[in-house]
$ cat final-v9.csv   # CSV, C-alpha atoms
chain,number,residue,atom,x,y,z
A,1,MET,CA,0.0,0.0,0.0
A,2,SER,CA,1.4,3.4,-1.0
A,3,PHE,CA,1.5,6.4,1.3
A,4,ARG,CA,-1.0,8.2,-0.9
A,5,ILE,CA,-3.6,5.4,-0.7
A,6,PHE,CA,-3.1,5.3,3.0
A,7,ILE,CA,-3.8,9.0,3.4
A,8,LEU,CA,-6.8,8.8,1.1
A,9,GLY,CA,-8.2,5.9,3.0
A,10,LEU,CA,-7.6,7.6,6.4
A,11,SER,CA,-9.3,10.8,5.1
A,12,ALA,CA,-12.2,8.9,3.8
A,13,THR,CA,-12.6,7.0,7.1
A,14,PHE,CA,-12.7,10.1,9.2
A,15,GLY,CA,-14.5,12.1,6.6
A,16,VAL,CA,-17.5,9.7,6.3
A,17,ALA,CA,-17.8,9.6,10.1
A,18,TRP,CA,-17.7,13.4,10.4
A,19,LEU,CA,-20.3,13.7,7.7
A,20,THR,CA,-22.7,11.3,9.3
A,21,VAL,CA,-22.2,12.3,12.9
A,22,VAL,CA,-21.8,16.1,12.5
A,23,VAL,CA,-22.8,17.5,9.1
A,24,VAL,CA,-25.9,15.5,8.3
A,25,PRO,CA,-27.5,16.0,11.8
A,26,TYR,CA,-26.7,19.7,11.7
A,27,ILE,CA,-28.3,20.2,8.3
A,28,THR,CA,-31.3,18.1,9.4
A,29,MET,CA,-31.8,20.1,12.6
A,30,LYS,CA,-31.2,23.5,10.9
A,31,ASN,CA,-33.8,22.9,8.2
A,32,LEU,CA,-36.7,21.4,10.1
A,33,LYS,CA,-39.9,22.3,8.2
A,34,PRO,CA,-43.3,22.6,9.8
A,35,ILE,CA,-45.4,19.4,9.6
A,36,GLU,CA,-49.2,19.6,9.2
A,37,LEU,CA,-51.3,17.3,11.4
A,38,ASN,CA,-53.7,15.0,9.5
A,39,GLU,CA,-57.0,15.0,11.3
A,40,ALA,CA,-58.0,11.6,9.9
A,41,VAL,CA,-54.8,10.0,11.1
A,42,ASP,CA,-53.6,12.1,14.0
A,43,GLY,CA,-56.9,13.2,15.5
A,44,ALA,CA,-56.0,16.8,15.2
A,45,LYS,CA,-55.3,19.5,12.6
A,46,GLY,CA,-53.0,22.4,12.3
A,47,ILE,CA,-49.2,22.6,12.5
A,48,PHE,CA,-47.3,20.4,14.9
A,49,TYR,CA,-45.2,22.5,17.3
A,50,PRO,CA,-43.6,21.1,20.4
A,51,LYS,CA,-44.6,22.6,23.8
A,52,ARG,CA,-42.1,24.8,25.6
A,53,THR,CA,-42.9,25.6,29.2
A,54,GLY,CA,-41.1,27.0,32.2
A,55,ARG,CA,-37.8,29.0,32.3
A,56,ILE,CA,-36.4,27.0,29.5
A,57,ALA,CA,-33.5,29.3,28.5
A,58,ASN,CA,-32.1,29.9,32.0
A,59,GLY,CA,-32.8,26.4,33.3
A,60,ALA,CA,-31.1,24.8,30.2
A,61,ARG,CA,-28.1,27.0,30.8
A,62,VAL,CA,-27.8,25.9,34.4
A,63,TYR,CA,-28.3,22.3,33.3
A,64,ALA,CA,-25.4,22.6,30.8
A,65,GLU,CA,-23.1,24.6,33.1
A,66,ASN,CA,-23.3,21.9,35.8
A,67,GLY,CA,-22.6,19.1,33.5
A,68,CYS,CA,-25.9,17.3,33.9
A,69,TYR,CA,-25.7,16.1,30.3
A,70,LEU,CA,-22.5,14.1,31.2
A,71,CYS,CA,-24.6,11.6,33.1
A,72,HIS,CA,-28.1,12.0,31.7
A,73,THR,CA,-29.4,11.7,28.1
A,74,GLN,CA,-32.6,13.2,26.7
A,75,VAL,CA,-33.1,10.7,23.8
A,76,ILE,CA,-35.5,7.8,23.7
A,77,ARG,CA,-33.7,5.7,21.1
A,78,PRO,CA,-35.5,3.9,18.2
A,79,THR,CA,-36.5,0.4,19.1
A,80,TYR,CA,-33.9,-1.1,16.7
A,81,ALA,CA,-31.2,0.6,18.7
A,82,GLY,CA,-32.3,-0.3,22.2
A,83,ASN,CA,-35.2,-0.9,24.6
A,84,ASP,CA,-35.7,2.7,25.8
A,85,LEU,CA,-39.4,2.7,24.8
A,86,TYR,CA,-40.1,-0.1,27.3
A,87,ARG,CA,-38.0,1.2,30.3
A,88,ASP,CA,-40.2,2.3,33.1
A,89,ASP,CA,-41.6,5.7,32.2
A,90,TRP,CA,-38.6,6.9,30.3
A,91,ALA,CA,-40.5,7.4,27.0
A,92,GLY,CA,-43.7,8.6,28.6
A,93,LEU,CA,-46.4,7.0,30.8
A,94,LYS,CA,-47.7,3.6,29.9
A,95,ALA,CA,-51.0,4.3,31.6
A,96,ASP,CA,-51.6,8.1,31.7
A,97,PRO,CA,-55.0,8.6,33.4
A,98,ASP,CA,-56.1,11.1,30.7
A,99,ARG,CA,-54.3,10.1,27.5
A,100,GLY,CA,-53.6,6.4,27.9
A,101,ASP,CA,-50.2,5.1,26.6
A,102,THR,CA,-48.1,8.2,25.8
A,103,ARG,CA,-44.8,6.4,25.2
A,104,ARG,CA,-42.9,7.3,22.0
A,105,GLU,CA,-39.4,7.7,20.5
A,106,THR,CA,-37.6,11.0,20.4
A,107,ASN,CA,-37.5,12.9,17.1
A,108,ALA,CA,-35.6,16.0,15.9
A,109,TYR,CA,-38.6,18.2,16.5
A,110,ASP,CA,-38.4,17.6,20.2
A,111,PHE,CA,-35.4,20.0,20.3
A,112,PHE,CA,-36.9,22.6,18.0
A,113,GLY,CA,-36.4,26.1,19.3
A,114,GLU,CA,-33.6,25.1,21.8
A,115,LYS,CA,-30.2,26.7,21.3
A,116,PHE,CA,-28.5,23.4,22.2
A,117,ALA,CA,-30.0,19.9,22.1
A,118,GLN,CA,-29.2,18.3,25.4
A,119,VAL,CA,-28.9,14.8,24.0
A,120,GLY,CA,-26.3,13.9,26.6
A,121,VAL,CA,-23.0,12.1,26.6
A,122,SER,CA,-23.5,8.9,28.7
A,123,ARG,CA,-26.1,7.2,30.9
A,124,LEU,CA,-24.7,7.0,34.3
A,125,GLY,CA,-28.1,8.1,35.4
A,126,PRO,CA,-31.6,7.6,33.8
A,127,ASP,CA,-32.8,9.4,30.7
A,128,LEU,CA,-34.5,12.6,31.5
A,129,SER,CA,-36.7,13.1,28.3
A,130,ASN,CA,-39.8,12.8,30.5
A,131,LEU,CA,-38.5,13.6,33.9
A,132,GLY,CA,-41.2,16.3,34.5
A,133,ARG,CA,-43.9,13.7,33.8
A,134,ARG,CA,-42.3,11.1,36.1
A,135,VAL,CA,-41.8,13.5,39.0
A,136,GLU,CA,-45.4,14.8,38.8
A,137,SER,CA,-47.1,11.4,38.3
A,138,ILE,CA,-44.8,9.0,40.2
A,139,TYR,CA,-42.0,10.4,42.3
A,140,ALA,CA,-43.9,13.2,43.9
A,141,ALA,CA,-47.5,12.0,43.3
A,142,GLY,CA,-49.8,14.0,45.6
A,143,LYS,CA,-47.0,16.3,46.6
A,144,ASP,CA,-45.2,19.4,45.3
A,145,PRO,CA,-43.1,18.2,42.4
A,146,ALA,CA,-40.8,21.3,42.6
A,147,ASN,CA,-40.0,20.5,46.3
A,148,TRP,CA,-39.2,16.9,45.4
A,149,LEU,CA,-36.7,18.1,42.9
A,150,PHE,CA,-35.2,20.7,45.2
A,151,SER,CA,-34.8,18.0,47.9
A,152,HIS,CA,-33.2,15.7,45.4
A,153,LEU,CA,-30.7,18.3,44.1
A,154,TYR,CA,-29.8,19.3,47.7
A,155,ASN,CA,-29.3,15.6,48.8
A,156,PRO,CA,-29.8,12.9,46.1
A,157,ARG,CA,-29.4,10.2,48.8
A,158,ASN,CA,-32.0,11.6,51.2
A,159,GLU,CA,-34.6,9.0,50.5
A,160,PRO,CA,-33.8,5.5,51.8
A,161,LYS,CA,-34.5,3.8,48.5
A,162,ARG,CA,-32.0,6.2,46.7
A,163,TYR,CA,-29.1,5.7,49.1
A,164,GLN,CA,-27.0,4.3,46.3
A,165,SER,CA,-27.6,7.2,44.0
A,166,THR,CA,-24.4,8.4,42.2
A,167,CYS,CA,-25.9,11.9,41.5
A,168,PRO,CA,-23.7,14.6,43.1
A,169,SER,CA,-25.2,17.0,45.6
A,170,PHE,CA,-25.9,20.6,44.3
A,171,ARG,CA,-25.9,22.3,47.7
A,172,PHE,CA,-24.1,25.3,46.2
A,173,LEU,CA,-27.4,26.1,44.5
A,174,PHE,CA,-29.0,26.6,47.9
A,175,VAL,CA,-28.6,29.1,50.7
A,176,GLU,CA,-28.6,28.0,54.4
A,177,ARG,CA,-29.6,30.9,56.6
A,178,THR,CA,-30.7,31.5,60.2
A,179,ILE,CA,-34.5,31.9,60.5
A,180,LYS,CA,-35.4,35.4,61.6
A,181,GLY,CA,-39.1,35.8,62.3
A,182,ASN,CA,-41.3,33.8,59.9
A,183,GLN,CA,-39.8,31.1,57.7
A,184,SER,CA,-39.4,32.0,54.0
A,185,SER,CA,-42.1,30.7,51.7
A,186,ASP,CA,-39.3,29.4,49.5
A,187,ALA,CA,-37.7,27.3,52.2
A,188,LEU,CA,-37.4,23.6,51.7
A,189,PRO,CA,-39.7,21.3,53.9
A,190,PHE,CA,-36.7,20.1,55.8
A,191,SER,CA,-33.6,21.6,57.5
A,192,VAL,CA,-30.2,20.7,58.9
A,193,ASP,CA,-31.2,22.6,62.1
A,194,GLN,CA,-34.5,23.9,63.5
A,195,ASN,CA,-33.2,27.4,63.4
A,196,VAL,CA,-31.8,27.2,59.9
A,197,GLU,CA,-33.8,27.2,56.6
A,198,ILE,CA,-32.6,26.0,53.2
A,199,VAL,CA,-33.7,28.3,50.3
A,200,PRO,CA,-33.0,27.6,46.6
A,201,ASN,CA,-31.2,30.4,44.7
A,202,ALA,CA,-32.3,31.7,41.3
A,203,ASP,CA,-30.2,29.1,39.4
A,204,ALA,CA,-31.8,26.3,41.4
A,205,LYS,CA,-35.3,27.6,40.6
A,206,ALA,CA,-34.5,27.9,36.9
A,207,LEU,CA,-33.1,24.4,36.8
A,208,VAL,CA,-36.1,22.9,38.5
A,209,SER,CA,-38.4,24.8,36.1
A,210,TYR,CA,-36.4,23.4,33.2
A,211,LEU,CA,-36.5,19.8,34.6
A,212,LEU,CA,-40.2,20.0,35.2
A,213,SER,CA,-40.7,21.1,31.6
A,214,LEU,CA,-39.2,17.9,30.3
A,215,LYS,CA,-42.3,16.2,28.9
A,216,LYS,CA,-41.4,14.9,25.4
A,217,ASP,CA,-44.5,12.7,25.2
A,218,GLN,CA,-47.1,14.8,23.4
A,219,ALA,CA,-48.8,13.3,20.5
A,220,ILE,CA,-46.9,13.5,17.2
A,221,PRO,CA,-47.9,13.3,13.6
A,222,ALA,CA,-48.1,9.8,12.2
A,223,VAL,CA,-45.3,10.7,9.7
A,224,LEU,CA,-42.9,11.1,12.7
A,225,ASN,CA,-43.9,8.0,14.6
A,226,PHE,CA,-41.6,5.2,13.8
A,227,ALA,CA,-42.2,3.2,17.0
A,228,PRO,CA,-43.6,-0.3,16.7
A,229,PRO,CA,-47.3,-0.8,17.3
A,230,LYS,CA,-48.1,-0.9,21.0
A,231,ASN,CA,-49.6,-3.9,22.6
A,232,LYS,CA,-53.1,-3.0,23.7
A,233,GLY,CA,-53.6,-6.1,25.7

$ encode --input "final-v9.csv" --output "structure tokens"
Amino acid sequence: MSFRIFILGLSATFGVAWLTVVVVPYITMKNLKPIELNEAVDGAKGIFYPKRTGRIANGARVYAENGCYLCHTQVIRPTYAGNDLYRDDWAGLKADPDRGDTRRETNAYDFFGEKFAQVGVSRLGPDLSNLGRRVESIYAAGKDPANWLFSHLYNPRNEPKRYQSTCPSFRFLFVERTIKGNQSSDALPFSVDQNVEIVPNADAKALVSYLLSLKKDQAIPAVLNFAPPKNKG
């Protein structure tokens, strides 16, 4: 093998990988075109547009700055690439009381309007595509979902069943201060001392708003739904 062929082969190897991993996804995401809902197939009409709620911009920034994407993904992979669709409540709720089975795969439109798609690097922790839905319906059912997340961020191993959690504590996003007069309305429902209250700062509030907004389980047009048929039995 000549040196020239070696260089051409090396360039082609890295070039093809770069095109498929960087260029093609970038072009696809940059040129997303509106998709019209088909009333006969989708049960609705109009233009499909993903919901955006909460302090998305500020919360997403705090999420990125603290490296949450290093341990958590926000991608429910196609079934041919894994079993994400069937992991407990990752892809949505199997039995939503109002909408039935809402589980589905992630698509490019789920990140439409976000400056950065928080797809993640690895899965040392669970996927967060539908964390907001899980917290409200399961983890903090009947309780304040924001307080559940604040408590988790302050001490991820506070609950006995989560004593092995590898999630780091984000106590630096909270202020511990002596109670003077009435307790603050923002104080967490627990304390390290009866005279001390724990209050989330602005970044903690933005992060929790962002996490609660993670609900990528709304109905999508049939042309975007590549998931296998769900077992209705």

$ closest_residue --input "final-v9.csv" --among "A:Phe226, A:Tyr163, A:Tyr210, A:Tyr154" --to "Pro78 (chain A)" --atoms "all atoms listed in the file"
A:Phe226

$ atom_distance --input "final-v9.csv" --atom1 "CA of Ser165 (chain A)" --atom2 "CA of Asp110 (chain A)"
28.1 Å

$ closest_residue --input "final-v9.csv" --among "A:Arg61, A:Arg4, A:Lys215, A:Arg134" --to "Asp203 (chain A)" --atoms "all atoms listed in the file"
A:Arg61

$ closest_residue --input "final-v9.csv" --among "A:Ser151, A:Ser129, A:Ser185, A:Ser2" --to "Gly92 (chain A)" --atoms "only C-alpha atoms"
A:Ser129

$ atom_distance --input "final-v9.csv" --atom1 "CA of Leu124 (chain A)" --atom2 "CA of His152 (chain A)"
16.5 Å
